[in-house]
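A short worksheet on the structure shown next.
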Amino acid sequence: MNPQTVVSRDAARPGVTHLAIKEKGALYASYMPIVVDGGLFIPTERPYRMGDELYIILTLPGDTQRYTLAAKVIWITPKKCVGQRTQGVGVRFPQTTAAKALKAKIEDILG
């Protein structure tokens, strides 16, 4: 896991993940521009299945605002993956106005 990305799991609310991306480089590594609606890779050891809904509370570099969205798991990188890849899931943003604004904000930060 990238040391500049902090992921915590709220045990009281299953499916809620806090993702604090502290540096532009970490955001660049997490953002998935190939996903049309926008998406992120989230390092996690929690087992998810394709199509699972994941509620994310996201903080971006240099921004104190918290963004919330319900995203769907579209890929899974399992533990002990070939190539030493980080275990986690890729999620797709929903097709909402707020998610589109978040995608635009991320792309603005990344330039």
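To be explicit about the labels: the chains of the structure tokens are called A, B, and onward in the order shown, and within each one the residues are counted from 1, while ligands get numbers from 1 in the order they are shown.
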Contacts of segment 76-80 of chain A within 8 Å, only C-alpha atoms, excl. fewer than 2 positions in-chain, as a ChimeraX atom specification: /A:45,48-50,73-74,82,84-90
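Using only C-alpha atoms, the nearest neighbour of Ile34 of chain A within the list A:Arg92, A:His18, A:Lys72, A:Arg46 is A:Arg92.
Counting only C-alpha atoms and comparing A:Ala29, A:Leu69, A:Cys81, A:Leu60, the residue that lies closest to Gly15 of chain A is A:Leu69.
The residues of segment 38-90 of chain A that DSSP assigns to strand (DSSP E or B) on this backbone come out as Gly39, Leu40, Phe41, Ile42, Pro43, Glu53, Leu54, Tyr55, Ile56, Ile57, Leu58, Thr59, Arg66, Tyr67, Thr68, Leu69, Ala70, Ala71, Lys72, Val73, Ile74, Trp75, Ile76, Thr77, Gly88, Val89 and Gly90 of chain A.
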